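*Asks:* This structure is in structure tokens; I'll ask about it shortly.
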Amino acid sequence: MLLNQFLLLGAVLFSIGVYGVLARRNGVLVLLSIELILNAVNINLVAFGTYTGSISGQVFALFVIAIAAAEVGVGLAIVLMIYRNRQSIDLDELSSMKG
Amino acid sequence: MTLAASDPIFLRYAFVLPALMGVSFVLILFFGKRLPKKGAEVGIAAIGMCLLFSLAAGYQWIDRVEHPPEVEHSEEPAADAEGEHALAAVQFVAAPAQEEGEHHEVAPVLTEATWFTSGGVDFTVGTFVDGLSVMMMIMVSTVSLLVHVYSTDYVGGDRRYTHYFAFLSLFSASMLLLIMSRSTVQFITAWELVGLCSFVLIGHWWEEKPNSDAALKAFLTNRVGDIGLIVGMIVLFFAAGSFDIVQINEFANGVTGGNDHLLLLVASLCLIAAVMSKSGQFILHTWLPDAMAGPTPVSALIHAATMVVAGIFMVARLYGVFFEGLSIGTSNINALAVVGAVTLLFGGALAFVQNDIKKVLAYSTVSQLGYMVMALGVGAWTAAVFHLFTHAFFKAGLFLGSGSVAHSVHSFDMKEDMGGMKRFMPRTFVTFVMCSLALAAIPPLAGFWSKDEILAGASQLGGDGGYPLMLIAGTIGGGLTAAYMTRCIWLTFFGEPRGHAADPHHPPHESGPLILWPLYILAGLAVVSGFANLPAGGIFPDVMALRFEHYVEPVAGYFPGELPTFSHPHFSWWVALVSTGWAVIAAGFAYLYWERGQGHGLTERSRVARGGYVLLENKYYFDHLYTGVIANGIKGPVARAAYWFNQNVIDGILNGVAFGVTVVGRWVYKYIDQGAIDGAIDGSGTVSDSLGQALRQLQTGKVQQYGALLFGGAVILAGIFVFAI
């Protein structure tokens, strides 16, 4: 069983995603990184599902994909609005929530 | 004795009458103000339908008396067997009255429904329709209809016009419910409802203090009697084991086994207290003259024709109880007759010193109610009920007539504001005189036939020698009636106009047709209603004689008519001649005294006369007794004791408590409030503030930094999960 390999792949993808979310300044790339994190999770779900011989892992993965699509739709709309307001999507400039 | 499908429809569905008036009450109350006539038309339509319904019921009842249905033996074998046993028991008794022989049982029309059940006892309601109920139905709806019509003019433009008609409807509903009550519980309910309507309508113009005082007085005085009513009904329930009026009477008459004389005596004495308050008998009559504070049509309807006769009706309805309990058939004096005789004399005497025309009529009502009670007390049941019937018409006519006069001169004071009204109001004058003659028992008007029957009863019924004291009292009372009505008519309609009546800017004028037509009808009834019970065996053909007695007096086990001691009086020429002659002579004396001024100054010359006048003027000091002696006697010491208790004990406790509370309060303020609580709150504020200042450093506004913290936290948690667990 290649479970370990799958889990390793998931962990690598997750880490890349986390790096992208934390380090990239471009909002669109941050969204892409979030997609990477979600897909890392999907790989884990499918891998564990196959490992335990149940279908629920894949069902969960399908749900996650559907929700991720909606999330990206909303996220890109937000990014678009930010661009329209500020002519920029640099996340470092979005510090109006400073306490 | 149960509801048979063959019972005539108007007798079976008598409950429609109170229901109709109840619906009318609700409609007027909720929608009256939006209607073009402000609700009056609803009330008049409803009471008009009631009158038609009761006339139809009267027709069917007469038919039932003429052709009594076969007694259904299969339905209640036990009761009928006992009934026949009782019938057999009276067979050997020689019938004292000539029509006794042709009597055969006429069952009342009864309906019944269970109201509620408590402790295994069914409280039922139902209708009990016999000749008495049907007669009352016709009388109540006739007078009520005329009063409704009269009121549209008399209280026209009043600010609570709609409200007034609503309560007229409620009153009619309650009164109709009362007269067809099957059970005593239902009876008490209706009794209280009419009392409530009386209270509301006396206090109709409650903005003026005397009016609301009069309403309260009426209500509270009636409460005194109501205690007697409730106790009496409870005694009867435990004696007869039922709330059913038919069964109570059958028990009292000995139809359903033996009765208990002592219990019946106690019950009837308690119930007499109720009669005293509701029907204005001495010594609880004081509310009735004060009740004249209400609008005049209300006085005519409630305080002359209908509600005040509820007490008489109650005695007539439960006559078995009174007849047995007070041994009416075999004694020469009893409590009921004494109450009636005293009331008719004292009430009549009081009417002489009143200057308010309505108060004269009010005391006259007290006196006439005394006649009815006395008649019941001597055993002249039919005479009492017949007098109730005729009195309702001529007294309502007198009240409405006095209202017509007062409507024109805007005052009720005969001495100050009336006089010479004959000239201005000839039509009112004629009706008033006709009703007065009927009241004074001048033949052949209504009052003569009924009052003469009462006197004949007092002379012939009871044990050996009849009821001599009652006969004397009744005869004297007839003279008083004639005399005070002469005085009243003379002061109102003759002589020179005084006060408001003499006001040249607003001369009195005859009232409109809405006021006059009820007067015409009532005056007409005052003339003809006496012919309903012409004496038998005299100059009148037998077909016309004693019709009222034939149709109204029950012939069944629930009425003592079949007991050996019960009998009917005959017409007696000398009683009729003496009482009429005495009435005419008394009226003549009154005429001489007030019109000719002969004998004036009697009160100045004679100490006895002056003393009598002062006594009468102060209404025998009953009001002083009630308010001054009893109420103040209780009020004074009790109030002083309560004041002392208040000042020393309660105030002391309050002061002590207040002082203690102040001390504790100060300490609490200083140490707990300022110290602990404020400290805690200030402290928490400071802590939050500094914590916030510290955490503020983290809020850079940079999303990625937040993300880094989030992931850092997640890594730490993951580390804990992986390594610690």
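Ordering of the structure tokens sets the chain letters (A, B, ...); residue numbers start at 1 within each chain; ligands are numbered from 1 in the order shown.
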Write out as a list in words which residues come within 6 Å of Cys50 of chain B when counting only C-alpha atoms, dropping same-chain ones fewer than 3 positions away.

*Replies:* Leu17, Ile47 and Phe53 of chain B

*Asks:* May I ask you to extract the residues of chain B within 10 Å of chain A, using only C-alpha atoms, and to give them as a compact mmCIF listing (two decimals) with C-alpha atoms, in the first residue's frame?

*Replies:*
```txt
# COMPACT_ATOMS: atom_id res chain seq x y z
CA GLY B 692 -5.99 45.11 25.26
CA GLN B 693 -2.98 47.43 24.96
CA LEU B 695 -2.73 42.43 22.46
CA ARG B 696 -3.09 45.49 20.29
CA GLN B 697 0.49 45.01 19.22
CA LEU B 698 -0.55 41.83 17.46
CA GLN B 699 -3.21 43.53 15.40
CA THR B 700 -1.05 44.65 12.54
CA GLY B 701 -3.82 44.47 10.04
CA LYS B 702 -1.73 42.22 7.87
CA VAL B 703 -3.71 39.15 6.84
CA GLN B 704 -0.68 37.03 6.34
CA GLN B 705 0.55 37.68 9.83
CA TYR B 706 -2.78 36.51 11.14
CA GLY B 707 -2.47 33.47 8.93
CA ALA B 708 1.00 32.78 10.32
CA LEU B 709 -0.35 32.97 13.87
CA PHE B 711 -0.86 28.09 11.46
```

*Asks:* Name all residues at most 10 Å from Tyr164 of chain B (count only C-alpha atoms; drop same-chain ones fewer than 2 positions away) and give them as an MDAnalysis selection string.

*Replies:* chainID B and resid 28:29 39:40 151 155 158:162 166:170 200:201 204 295 298

*Asks:* Output the selection as a JSON list (two decimals), in the first residue's frame - C-alpha atoms for each residue.

*Replies:*
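Below you can see selection.json, which holds the result:
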```json
[["chain", "number", "residue", "atom", "x", "y", "z"],
["B", 28, "ILE", "CA", -75.47, 47.18, 20.97],
["B", 29, "LEU", "CA", -72.35, 47.20, 23.09],
["B", 39, "GLY", "CA", -78.22, 50.97, 19.01],
["B", 40, "ALA", "CA", -81.75, 51.77, 20.15],
["B", 151, "SER", "CA", -86.35, 56.14, 26.33],
["B", 155, "VAL", "CA", -82.63, 60.02, 27.14],
["B", 158, "ASP", "CA", -77.41, 61.48, 26.22],
["B", 159, "ARG", "CA", -73.69, 60.90, 26.14],
["B", 160, "ARG", "CA", -74.09, 57.26, 27.13],
["B", 161, "TYR", "CA", -77.19, 56.65, 25.04],
["B", 162, "THR", "CA", -75.85, 53.44, 23.45],
["B", 166, "ALA", "CA", -77.22, 48.01, 25.99],
["B", 167, "PHE", "CA", -77.96, 47.71, 29.68],
["B", 168, "LEU", "CA", -81.72, 47.87, 29.12],
["B", 169, "SER", "CA", -81.20, 44.81, 26.92],
["B", 170, "LEU", "CA", -79.05, 43.07, 29.48],
["B", 200, "VAL", "CA", -75.50, 50.31, 36.45],
["B", 201, "LEU", "CA", -78.70, 52.06, 35.44],
["B", 204, "HIS", "CA", -76.25, 56.05, 34.72],
["B", 295, "PRO", "CA", -83.31, 57.90, 34.63],
["B", 298, "VAL", "CA", -85.33, 52.92, 34.37]]
```

*Asks:* Record the distance separating atom CA of Ser277 of chain B and atom CA of Thr221 of chain B, expressed in Å with one decimal.

*Replies:*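 Calculated distance between atom CA of Ser277 of chain B and atom CA of Thr221 of chain B is 6.4 Å.
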
*Asks:* Residues at most 10 Å from Leu80 of chain A, counting only C-alpha atoms, excluding those fewer than 6 positions away in the same chain, as a PyMOL selection string?

*Replies:* chain A and resi 27-28+74+87-89

*Asks:* Quick one: residues within 8 Å of Phe14 of chain A, only C-alpha atoms, excluding same-chain residues fewer than 5 positions away - as a count of residues only?

*Replies:* 5

*Asks:* Which residues are near Pro518 of chain B? Cut-off 8 Å, only C-alpha atoms, ignore same chain within fewer than 3 positions. Put them as a list in words.

*Replies:* Leu146, Val147, Val149, Tyr150, Gly397, Leu514, Ile515, Ile521 and Leu522 of chain B

*Asks:* Quick one: pull the distance between atom CA of Val528 of chain B and atom CA of Ser511 of chain B, Å, one decimal.

*Replies:*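 About the pair atom CA of Val528 of chain B and atom CA of Ser511 of chain B: they are 24.4 Å apart.
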
*Asks:* Which distance in Å separates atom CA of Arg427 of chain B and atom CA of Pro443 of chain B, to one decimal?

*Replies:*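 If I compute the distance from atom CA of Arg427 of chain B to atom CA of Pro443 of chain B, I get 21.8 Å.
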
*Asks:* Please provide as a list in words all residues within 6 Å of Pro18 of chain B, with the sequence filter that same-chain residues fewer than 4 positions apart are discarded (counting only C-alpha atoms).

*Replies:*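 Residues meeting the cut-off are Gly22, Ala173, Leu176 and Leu177 of chain B.
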